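Heads up: the structure comes next, in structure tokens.
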4 protein chains.
Amino acid sequence: MKTDDSPPDGPQPLRLREIQQEVDRYISQFKEGYWPPLAMLARLTEEVGELAREFNHRFGAKPKRVDEEETDLGLEMGDILFILVCMANAQGIDLEESFRRVLSKYGTRDRDRWTKKD
Amino acid sequence: MKTDDSPPDGPQPLRLREIQQEVDRYISQFKEGYWPPLAMLARLTEEVGELAREFNHRFGAKPKRVDEEETDLGLEMGDILFILVCMANAQGIDLEESFRRVLSKYGTRDRDRWTKKD
Amino acid sequence: MKTDDSPPDGPQPLRLREIQQEVDRYISQFKEGYWPPLAMLARLTEEVGELAREFNHRFGAKPKRVDEEETDLGLEMGDILFILVCMANAQGIDLEESFRRVLSKYGTRDRDRWTKKD
Amino acid sequence: MKTDDSPPDGPQPLRLREIQQEVDRYISQFKEGYWPPLAMLARLTEEVGELAREFNHRFGAKPKRVDEEETDLGLEMGDILFILVCMANAQGIDLEESFRRVLSKYGTRDRDRWTKKD
């Protein structure tokens with residue numbers, strides 16, 4: 001029985017753990033393996049910077065120069081996800097478990113920080 | 001039939017799309033909804049900064065002060081994932097599709113950038 | 001003859017080069033000297049993250065929790081300046097010269113990017 | 001009487017306050033004036049990302065692609081200084097005073113964090 005998420009002829013929706021495995025498979029092709037931690041962090045900083053540029057172009061105050069082509073928001077976010085997964089993999093961290101703990105933390109700690117709808 | 005990923009008594013492994021839905025459900029509780037784009041970006045910058053501090057403590061050169069307690073690497077990464085998912089949701093971006101495109105980009109563009117194993 | 005910038009009984013206004021020297025003097029006290037480049041970068045990322053948190057509190061959408069005390073914007077910016085000067089010193093870069101080149105770049109490259117006043 | 005810092009035929013060494021004034025003069029040419037705070041923060045994030053890329057190329061693990069030309073470390077740092085000064089100016093912050101307070105904070109708080117030379 002198919003759901004809305006799984007079109008009959010498209011790829012199966014990926015679990016977060018499968019994404020971590022996919023990245024591990026990709027990285028394992030290379031002799032270098034995962035970069036050292038601070039190099040991965042620098043890459044994350046770089047990718048967040050690229051998203052910042054694009055966000056400023058679209059939602060902020062920085063007008064585009066003519067020679068700057070439109071970039072792809074989804075791809076910038078995908079780059080961030082990719083390097084984040086690399087960092088998690090290299091540290092043996094299960095991001096799904098991290099996500100559950102974050103949700104649970106937000107559910108308690110920040111409970112009164114925003115205004116609940118009526 | 002169960003797989004290695006789905007323990008009989010634990011929660012089902014989450015698909016990335018379910019994570020996006022989960023975050024949307026969480027945010028939808030609040031009148032404010034998603035923050036404006038540049039405010040979400042500032043939050044991402046903040047969370048990456050917290051991971052940077054922790055990485056420097058563990059893998060870099062910054063010694064911890066006695067009054068700085070050990071933080072939780074998985075939780076820091078979960079915070080980054082959470083705000084990234086918020087940004088994707090607010091822009092209507094399917095992170096799984098982004099991830100597939102990134103993998104495909106890396107498979108072609110950077111093919112010769114590293115050394116393949118024999 | 002005194003100027004507006006130099007109060008008779010306050011400290012003399014610092015040249016950027018003197019600030020670089022001051023930082024070098026500070027760092028030279030310690031056996032460790034300047035951190036490795038990627039560790040200094042991680043520290044910069046951390047400090048920018050702290051400024052991001054404060055900016056989001058003041059100008060963005062993130063409400064403060066009661067247990068988060070007001071921080072000091074000037075001190076956050078000073079932290080960024082300090083680590084930037086460390087990075088420049090470690091690379092033998094004269095920030096004043098860098099600044100002049102940036103001003104000159106902005107004067108030409110971005111000349112038509114904004115609207116000149118009449 | 002000239003010092004080592006002020007060559008007879010070069011420009012006079014700049015005080016940090018003069019740099020803040022210079023930036024203010026530059027920005028005042030434009031109708032837009034300083035950007036909104038979160039847009040300046042996004043620009044800072046972008047510039048730090050560019051420095052991160054360059055640091056990873058030089059000191060980290062990310063090999064350059066052939067089509068990526070060598071960039072200019074001093075200019076990247078100058079870009080960060082420029083936007084930091086913009087943020088300070090827009091908030092009425094005297095960076096020299098901030099710098100003095102940071103030095104004094106480091107002199108006390110972190111006194112025993114590193115190893116003093118004998």
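Here, A, B, ... name the chains of the structure tokens in the order displayed, residue numbers run from 1 inside each chain, and ligands are numbered from 1 in the same displayed order.
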
Inset, instruction - Please report as a ChimeraX atom specification which residues of chain D come no farther than 8 Å from chain C, using only C-alpha atoms. - result: /D:13-17,29-32,37-38,41,45,48,52,55-56,59-60,74-75,77-79,81-82,84,88,93-96,98-99,101-102,114-117

Inset, instruction - Determine which residues of range 18-50 of chain C DSSP labels as alpha helix (DSSP H) from the backbone of this structure, then write them out as a PyMOL selection string. - result: chain C and resi 18-28+37-50

Keeping N, CA and C atoms for every residue in the selection just given, could you write it to a file as a JSON list (two decimals), in the first residue's frame?
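The result, stored in again27.json:
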```json
[["chain", "number", "residue", "atom", "x", "y", "z"],
["C", 18, "GLU", "N", 49.02, 49.43, 16.40],
["C", 18, "GLU", "CA", 49.32, 49.29, 17.83],
["C", 18, "GLU", "C", 48.44, 48.21, 18.44],
["C", 19, "ILE", "N", 47.23, 48.10, 17.94],
["C", 19, "ILE", "CA", 46.35, 47.04, 18.43],
["C", 19, "ILE", "C", 46.92, 45.68, 18.06],
["C", 20, "GLN", "N", 47.43, 45.57, 16.84],
["C", 20, "GLN", "CA", 48.07, 44.31, 16.45],
["C", 20, "GLN", "C", 49.28, 44.02, 17.35],
["C", 21, "GLN", "N", 50.04, 45.06, 17.67],
["C", 21, "GLN", "CA", 51.20, 44.86, 18.54],
["C", 21, "GLN", "C", 50.79, 44.47, 19.96],
["C", 22, "GLU", "N", 49.71, 45.13, 20.42],
["C", 22, "GLU", "CA", 49.21, 44.85, 21.77],
["C", 22, "GLU", "C", 48.78, 43.38, 21.89],
["C", 23, "VAL", "N", 48.08, 42.91, 20.89],
["C", 23, "VAL", "CA", 47.65, 41.51, 20.89],
["C", 23, "VAL", "C", 48.87, 40.59, 20.85],
["C", 24, "ASP", "N", 49.83, 40.96, 20.04],
["C", 24, "ASP", "CA", 51.03, 40.13, 19.95],
["C", 24, "ASP", "C", 51.76, 40.06, 21.29],
["C", 25, "ARG", "N", 51.78, 41.19, 21.96],
["C", 25, "ARG", "CA", 52.40, 41.22, 23.28],
["C", 25, "ARG", "C", 51.64, 40.30, 24.23],
["C", 26, "TYR", "N", 50.32, 40.38, 24.17],
["C", 26, "TYR", "CA", 49.49, 39.54, 25.04],
["C", 26, "TYR", "C", 49.77, 38.06, 24.79],
["C", 27, "ILE", "N", 49.71, 37.69, 23.51],
["C", 27, "ILE", "CA", 49.88, 36.27, 23.15],
["C", 27, "ILE", "C", 51.29, 35.78, 23.48],
["C", 28, "SER", "N", 52.27, 36.68, 23.32],
["C", 28, "SER", "CA", 53.66, 36.27, 23.51],
["C", 28, "SER", "C", 53.97, 35.88, 24.96],
["C", 37, "PRO", "N", 45.91, 27.55, 12.83],
["C", 37, "PRO", "CA", 44.94, 28.34, 12.06],
["C", 37, "PRO", "C", 43.49, 27.86, 12.19],
["C", 38, "LEU", "N", 43.24, 26.57, 12.09],
["C", 38, "LEU", "CA", 41.85, 26.12, 12.12],
["C", 38, "LEU", "C", 41.24, 26.25, 13.51],
["C", 39, "ALA", "N", 42.07, 26.25, 14.54],
["C", 39, "ALA", "CA", 41.55, 26.46, 15.89],
["C", 39, "ALA", "C", 41.17, 27.94, 16.07],
["C", 40, "MET", "N", 41.97, 28.84, 15.50],
["C", 40, "MET", "CA", 41.60, 30.26, 15.57],
["C", 40, "MET", "C", 40.32, 30.51, 14.77],
["C", 41, "LEU", "N", 40.21, 29.84, 13.64],
["C", 41, "LEU", "CA", 38.99, 29.98, 12.84],
["C", 41, "LEU", "C", 37.76, 29.50, 13.62],
["C", 42, "ALA", "N", 37.92, 28.39, 14.31],
["C", 42, "ALA", "CA", 36.81, 27.87, 15.12],
["C", 42, "ALA", "C", 36.43, 28.88, 16.20],
["C", 43, "ARG", "N", 37.44, 29.53, 16.76],
["C", 43, "ARG", "CA", 37.15, 30.53, 17.78],
["C", 43, "ARG", "C", 36.40, 31.72, 17.16],
["C", 44, "LEU", "N", 36.83, 32.14, 15.98],
["C", 44, "LEU", "CA", 36.11, 33.22, 15.28],
["C", 44, "LEU", "C", 34.65, 32.82, 15.05],
["C", 45, "THR", "N", 34.44, 31.59, 14.62],
["C", 45, "THR", "CA", 33.07, 31.09, 14.39],
["C", 45, "THR", "C", 32.26, 31.13, 15.67],
["C", 46, "GLU", "N", 32.90, 30.76, 16.76],
["C", 46, "GLU", "CA", 32.23, 30.79, 18.06],
["C", 46, "GLU", "C", 31.84, 32.22, 18.45],
["C", 47, "GLU", "N", 32.76, 33.14, 18.26],
["C", 47, "GLU", "CA", 32.50, 34.53, 18.67],
["C", 47, "GLU", "C", 31.42, 35.16, 17.79],
["C", 48, "VAL", "N", 31.44, 34.84, 16.51],
["C", 48, "VAL", "CA", 30.39, 35.35, 15.62],
["C", 48, "VAL", "C", 29.04, 34.76, 16.03],
["C", 49, "GLY", "N", 29.06, 33.52, 16.46],
["C", 49, "GLY", "CA", 27.83, 32.90, 16.95],
["C", 49, "GLY", "C", 27.28, 33.61, 18.18],
["C", 50, "GLU", "N", 28.17, 34.06, 19.04],
["C", 50, "GLU", "CA", 27.70, 34.78, 20.24],
["C", 50, "GLU", "C", 27.10, 36.13, 19.87]]
```

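Taking CA of Arg53 in chain A as the reference point, CA of His57 in chain B is found at 28.6 Å.
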